[in-house]
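For reference, the structure is listed below as structure tokens.
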Amino acid sequence: MRTAWSFLIYVSLSSVSEDLGCRRGEFSRKHYGSVELLISSDADGAIQRAGRFRVENGSSGENTDYTPGTWHRTDVHLENPEYHTRWYFKYFLGKVHQNYVGTDAEKNPFFLSVVLSDQNNQRVPQYHAILWRKTGTQKICLPYSPTKTLSVKSILSAMSLDKFERSPREIFHPEIQKDLLVLEEQEGSVNFKFGILYAKDGQLTDDEMFSNEMGSESFQRFLHLLGDTVTLKGWTGYRGGLDTKNDTTGIFSIYTVFQGHEIMFHVSTMLPYSRENKQQVERKRHIGNDIVTIVFQEGEESSPAFKPSMIRSHFTHIFALVRYNKQNDSYRLKIFSEESVPLFGPPLPSPPVFTNHQEFRDFLLVKLINGEKATLETPTFSQKRQRTLDMLIRSLYQDLMPDLHKNMLNRRSFSDVLPESPKSTRKKEEARQAEFVRLGQALKLKTAVKGDATANLATTSFCKKEPWESQSFCSNFPHEVVCADSWGQSLLVSTDAGILLIDDGQPSVQVFDKTLQVKQMHVLETLDLLVARTDKGKDSRLLVFRLSAVQKDIETKQIIRSKYDCRENKLERTKGCHLYAINTHHGSELRIVVAIRNKLLLVTKKYNPCNSLTSSSLLFSSESPVEEFQYIREICLSDPPVVMTLVDGPTEDSDNMICVAYRHQFDLVNESTGESYRLHHVETNKVNFVAAIDVYEDGEAGLLLCYNYVCQYRKVHPFNGGSPLIQPSAYDFHFSWNQVPYAVVCAFPYILAFTTDSIEIRLVVNGNLVHTAVVPELQLVASKSDIYFKATAAVSGSCDSSAKEMSSRSSPQTPTAYEMPESPLSSLEGEVPCKNLYKIPLSNLVGRSIERPLKSPLAPKVITTTASSGTPSMPVTHSLSLSRMEIKEIASRTRKELLGKCSSFFSAHF
């Protein structure tokens, strides 16, 4: 039976956890293809230039230095999915919320929408806010506090909008919801049209490909895999620009619903064919104007391959080349993306061959949807979208100008809406809000039935387990966690009761008593070291212990160390330290930088090969390691650092750096000379520094700078002639979190932001959102190898009844402005809140393991939704009949809602 300390029999110098811990910040854009200038010749031998395309074929080239076969398995995710990004439709429509209009200091109009919502029915009240500006929309979540009011000014300040030409005023007219819904629709359609071009073996020009009247048997099987054959005449679903009245664009087409998105395919062999027109203009008119085109090419791999230069189209930005192999019944995929298209996933597996046809279908559709969304961010499309958004905002503002001095607009803050209104105006306000909600629900119904919203939150992968799903590690953990670090398969935790060693399913073991208040710690197993920062203020110190000595105390149960037993473990000259950092990618040398007010103390420990971890040294070495550390130099800064990160240089020739954050800036400090250089200046009034995460792209150092709502990637080149090369590069990017995180963890390909009640999961290479998990009372505990966090779980005697009651209360038939949100989970009667520790295995996140963990006890991605009647709705699949039936069910139930017979339907389904 495994005990709480049996994991310490750990002699390997390169353990799986340590290896993962070192690799999790390393990534390569080579997995997403390389940019090439594509040139080919047509049938007459004329040279065709198709411009520069990024070619992604899933296999490593001869000149690449990453290990072939590293990415055998790829996790498939829709990026920026609508059920996470279409906030106004999901959180605002059909609910009481506030809308404001104003102009900024440059006299540009803006609109602000704010709603107090119960996040995904997890009883976590939050403010959702959307700022509509000509440059785009900004969305943030703000925590709810029953004792602290929230004003419009504070919301806009959080969005870095502090100066106004005209102060914001509230819009009371319910018709404003129609206009704001139109603004949100500018983000892009939730439905897609993709071209499918059939190419026979040896065809090298678009005229030849478009002239194919029929496809082969393998092509027909491919079409059947993608979707259903539908009759266009009389078709009432998404038509993708095809004629559904007079058969002018063909009689049949291929259609499917994937994860709530309607997709219509423009199939070359199903579009009208003309024997007189060799160029087949009617076919090219549709497929040539699709952003994404699938090219199904017959022939062997040795046959001349398709290239984008064969298609004369200035609109198509992405080509997906599909080949079918009859011998092993597999599909091979290759992706061409115009060079201006941002990176998008999922990366192709290596090799890019799919023997499971359903997995291939899911992968292909996700890749194409993500590709079209990424294309909309190119200058060609984004500038046009911004011009349209600017025009709509200005037009809407002009329409509201005559009412600026009437009752329709009023200069009251958002916080004034929440308290109880005067009795004389309460009934009038209730009537206005009832009409506001009625119109919003009607708009929601119309949008859903029309097909301009995802049909459901369900996905086709009904039983899919996501890599971020967590496992229960320790139930009913009663202590407050200060800091922690993983030790093998266990967790060393600093709590209010002292330092405890916790193993899954085992009783905790006391290691240090509560007199030793550790605020920061690192367990370095390969070096047999425990580094810890104790106390605070002038009594703070840095302590170093041998893990083998700590293990011996645990095994023999001789002593539970106290503060006074650690006097010999104090590092000199570290008194008064408030922060320290170590090099996480340490090789032959461990470096520690200790911050004492505005002074940095650089300390190193040389690696001694004679003192490597063998079973004898691990179990019996007990001498103090303090003497093995040497002090290199002191570096003075202008201010005390808030965040510190050590960045390893590519060589050992004094090119290591320290990234420090203080005041309104991130600086790079040369470890050898102590000189500092400005890396990034934050242009905002208030700065909340979160982290500077060192990541390594193909061995070159980069930094993820996290502050406020922003995460920015900066590639950092080594020092050259005394100064680093930190000028912006094409690979730098930034994105905004939806909530302000207090901690960020990088586990390529993911980056996870931890807030007080959610985990926001994005992709490192482009910052795109893939999932947001609602986790009540969340606290990140440790993240060196596996990710550990603490959260609240509810133990209720009647889950079903409380859920129904919660659902009905969250959507009152006649909502009132003075109603407060539901109480947090811990205060609900009949429920016993308890804090549990959970673990997300890092091996699942970084793709080292095919096996997924057990299902998380926390709120996973929604798979089915349940109406107030308790009847679960069906998950969306690519079946045509099921999709239409589902929409009819939505319409039927919503009509009852509008008649007052089913008041909780919309809150349950949307």
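Chain labels run A, B, ... following the order of the structure tokens; each chain numbers its residues from 1, and ligands are numbered from 1 in the order shown.
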
What residues in stretch 194-398 of chain A get the DSSP label strand (DSSP E or B)? Please answer as a PyMOL selection string.
chain A and resi 194-199+228-231+248+250+252-258+261-267+292-297+318-325+330-338+353-354

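From atom CA of A:Gly215 back to atom CA of A:Gly240, the distance works out to 21.8 Å.
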
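You can rank A:Val531, A:Ile596, A:Cys706, A:Val292 by their closest distance to A:Phe265 using only C-alpha atoms, and at the top of that list sits A:Val292.
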
Please indicate the distance in Å from atom CA of A:Pro776 to atom CA of A:Cys474, rounded to one decimal place.
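Calculated distance between atom CA of A:Pro776 and atom CA of A:Cys474 is 16.6 Å.
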
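By chain and then residue number, the residues within 12 Å of A:Asp243 are Thr231, Leu232, Lys233, Gly234, Trp235, Thr236, Gly237, Thr249, Gly250, Ile251, Phe252, Ser253, His266, Leu271, Pro272 and His286 of chain A, counting only C-alpha atoms and disregarding those fewer than 6 positions away in sequence.
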
Can you list, as a list in words, every protein, DNA or RNA residue that comes within 9 Å of A:Lys519 when you count only C-alpha atoms, leaving out same-chain residues fewer than 2 positions away?
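After dropping sequence-adjacent residues, the list is Val482, Cys483, Ala484, Ser494, Gln517, Met521, Ala532, Arg533, Thr534, Asp535 and Lys536 of chain A.
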
Would you put the residues from that selection into a file with N, CA and C atoms, as an mmCIF file, in the first residue's frame?
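Final output, saved to again.cif:
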data_model
loop_
_atom_site.group_PDB
_atom_site.id
_atom_site.type_symbol
_atom_site.label_atom_id
_atom_site.label_comp_id
_atom_site.auth_asym_id
_atom_site.auth_seq_id
_atom_site.Cartn_x
_atom_site.Cartn_y
_atom_site.Cartn_z
ATOM 1 N N VAL A 482 -1.263 28.590 2.037
ATOM 2 C CA VAL A 482 -0.434 29.774 1.783
ATOM 3 C C VAL A 482 0.350 29.585 0.494
ATOM 4 N N CYS A 483 1.033 28.462 0.360
ATOM 5 C CA CYS A 483 1.769 28.128 -0.855
ATOM 6 C C CYS A 483 2.012 26.625 -0.839
ATOM 7 N N ALA A 484 2.496 26.072 -1.930
ATOM 8 C CA ALA A 484 2.735 24.635 -2.011
ATOM 9 C C ALA A 484 3.608 24.332 -3.211
ATOM 10 N N SER A 494 2.133 24.560 2.594
ATOM 11 C CA SER A 494 2.246 25.464 3.736
ATOM 12 C C SER A 494 0.852 25.973 4.084
ATOM 13 N N GLN A 517 6.326 29.894 9.264
ATOM 14 C CA GLN A 517 5.347 30.434 8.321
ATOM 15 C C GLN A 517 6.014 30.625 6.961
ATOM 16 N N MET A 521 7.796 28.543 -1.730
ATOM 17 C CA MET A 521 8.659 27.357 -1.644
ATOM 18 C C MET A 521 8.858 26.723 -3.007
ATOM 19 N N ALA A 532 12.773 27.689 0.622
ATOM 20 C CA ALA A 532 11.556 28.287 1.183
ATOM 21 C C ALA A 532 11.855 29.689 1.705
ATOM 22 N N ARG A 533 10.866 30.559 1.567
ATOM 23 C CA ARG A 533 10.931 31.904 2.145
ATOM 24 C C ARG A 533 9.957 31.964 3.309
ATOM 25 N N THR A 534 10.439 32.370 4.469
ATOM 26 C CA THR A 534 9.633 32.328 5.684
ATOM 27 C C THR A 534 9.284 33.721 6.177
ATOM 28 N N ASP A 535 8.202 33.786 6.982
ATOM 29 C CA ASP A 535 7.767 35.002 7.664
ATOM 30 C C ASP A 535 7.569 36.146 6.690
ATOM 31 N N LYS A 536 7.647 37.353 7.233
ATOM 32 C CA LYS A 536 7.509 38.540 6.398
ATOM 33 C C LYS A 536 8.183 39.718 7.083
#
